[in-house]
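Have a look at the structure below before the remarks.
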Amino acid sequence: MKVSNMLVNTLREVPAEAEIISHKLLLRAGFIKKVASGIYSYLPMGWRVMQKIMDIIRDEMNNAGGLEVGLPSIHPAELWMETGRWDVYGDELFRLKDRHQRDFCLGPTHEEVLTDIVRKEVSSYKQLPLLLYQIQNKYRDERRPRFGLMRGREFIMKDLYSFDKDVEGMNISYKKMYDAYVKIFSRCGLEFRSVEADSGAIGGKTSHEFMVLAKNGEAEIVYCSDCEYAANVEKAEAYPEVLPKEEYKELQKIHTPGAKTMDKLAEYLEVPKTKTIKTMLYKADEELVCVLVRGDRSVNEIKVKNLLNCVSLDIADEKLIKQELGYPMGYIGPVGLSQKIKILADLEIKHLSNIVVGANEHDYHLINVNPVRDFRIDIEADLRLIEEGEKCACGGGDLKAARGIEVGQVFQLGTKYSESLNAIYADEKGNNNHIVMGCYGIGVGRTMAATIEQNHDDHGIIWPMTIAPFQVVVVPISSKDNAQMQTAENIYQALKKQGLQVIIDDRDERAGVKFKDADLIGYPLQIIVGKKTIIEGTVDVIVRKNKEEKTLKVENVVEFIDNIVQTEIKYSLA
Ligand SMILES: [Zn+2]
């Protein structure tokens, strides 16, 4: 490919609409173009990367026994009504009517459509297991589409659904997909973790998210330095630290002027934060609840929400607290707290003795407070956020924190959809059973964006070899110099003949512009053809990743480049 024949317009300026690095660089490097809010076109460079990611995904899905299908984007409302999701999906579902006023939606996911096929096509255990997948556009009417390809309204996803006879079969399918995902993200050259994900309200179901590690990732995760354990912070189970019990002292009220925050209080009373309690009041739907965690911990609102099974959970504001309880903000404590408020305590609370809490009175705290003796606990549960440095449950390692971007999720569905859609099969004895399902998604555009979040520098994108739009660029410094252009062309042809994915920057542009574009677009390898090439017969090869430069004889360049490319591809397969 020649750059002069390529549709690629790079931008020097950072587009105002873009907030995060991947979005900025995808626009600047000419990979995508916005059509409307949350809706993008992929330009040739961007589409090459998307194709490569999709090729890897397709390859591994097929290796794992997946069968590719092509499913429609337009789904009839009746199917979604059968599972009840037409009503519960809410505003995120793109709904439309045809000329006969019949309702349809644009598919955000395909459980309904595919289970409908399976219930009609599968009748016997002999036809199971089945792993069916597609790579296709999905639609979600996000309230606030943003971050480019990270949260769009139309996006490309691979989704596979597994259909098995029983839970045992589903577990095998799940493992197959899990292993395939590990291979896919490794082959994409990404540093990632699979983390235990929220199994939701339905107990006993398993789910994992695949997170690409990136400094600015939206999700906070913890992982063990010793074992395989990794989890989303919001979901990670925290184990209580058991502090030795002290002999109970007499409760006292003391004056603590201005000690409104935990830090000020600990400093004022000269007690460690582990000897205080954080008392948080929340409005859970319409009910006011109190959550207690140790003074040095933070409340995990997801856990509170799951425990209460509420739709909304917001910190109660000063006005509400004043109006409901007449207490001043900043001095709230559990002692003597109104009976109408449920008190939820983290598992660590009961291990505390002689602690400090707010006195529900301006500028006053209580000291030597003891749980149960001095205040009631209505519900005890794990309610705190886990923190970096804590011991892992395996006993060996410490938990480390990292940030990640979710690019894939595997989920055990069980019989949720086969029951609502009545997808059954006859077993060996002729009895009818519900098919047991799993679903497995990968966001393709998200994977491309996450790759950039993980692999970039001040100059631009740094593509992993396996998904780069081109593996190598040949840059003649002067397009006016015929000898340079001819040598560059010869090298380009030789690399192409070797089967390498190569592009030549044959434009009539200044060298500086070509170098800047090569860095911005992020080809893993650059070959610079200049005066030296003509005089000394050498070229400079620059490795984009670390900017390492090497001077080589022209006759050795093909072998050298091929070697690097093959080594990196092999490495990603290992
Ligand atoms: Zn561990």
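All residue names refer to the structure tokens as shown: chains lettered A, B, ... in order, residues numbered from 1 in each chain, ligands numbered from 1 in order.
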
Which residues are near ligand 1 in this structure, taking near to mean any atom at most 9 Å from a ligand atom and counting only C-alpha atoms and all ligand atoms? Format them as a count of residues only. 17

Each segment 357-459 of chain A residue no farther than 9 Å from segment 506-523 of chain A, nearest pair in Å, only C-alpha atoms, as CSV:
residue,atom,partner,partner_atom,distance
A:His456,CA,A:Gly522,CA,8.3
A:Asp458,CA,A:Leu520,CA,8.9
A:His459,CA,A:Leu520,CA,5.6

At a cut-off of 7 Å, using only C-alpha atoms, what residues contact segment 9-21 of chain A? Leave out same-chain residues fewer than 3 positions from it and give the result as a PDB file with C-alpha atoms, in the first residue's frame.
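Written file, around-v2.pdb:
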ATOM      1  CA  LYS A  24      -8.168  11.781  20.628  1.00  0.00           C
ATOM      2  CA  LEU A  25      -5.649   9.555  18.884  1.00  0.00           C
ATOM      3  CA  ARG A  28      -6.081  12.537  15.065  1.00  0.00           C
ATOM      4  CA  ALA A  29      -4.612   9.521  13.279  1.00  0.00           C
ATOM      5  CA  GLY A  30      -7.594   9.400  10.906  1.00  0.00           C
ATOM      6  CA  PHE A 147     -15.238   8.507  25.031  1.00  0.00           C
ATOM      7  CA  GLU A 453      -5.153   3.518  26.131  1.00  0.00           C
ATOM      8  CA  ASP A 517       2.493  10.812  10.860  1.00  0.00           C
TER       9      ASP A 517
END

Test item, helix (DSSP H, G or I) assignment across segment 124-187 of chain A, answer as a PyMOL selection string: chain A and resi 125-127+148-150+167-187

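Near segment 494-499 of chain A, within 9 Å and counting only C-alpha atoms, sit Val472, Glu489, Asn490, Ile491, Tyr492, Gln501, Val502, Ile503, Val557, Val558, Glu559, Ile561 and Asp562 of chain A, not including residues fewer than 2 positions from it in the same chain.
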
Residues of segment 79-319 of chain A classed as strand (DSSP E or B) by DSSP on the backbone are to be reported as a ChimeraX atom specification. /A:94-97,103-106,124,130-139,146,151,154-164,192-196,207-213,219-224,230-232,252-255,276-284,287-294,299,313-315
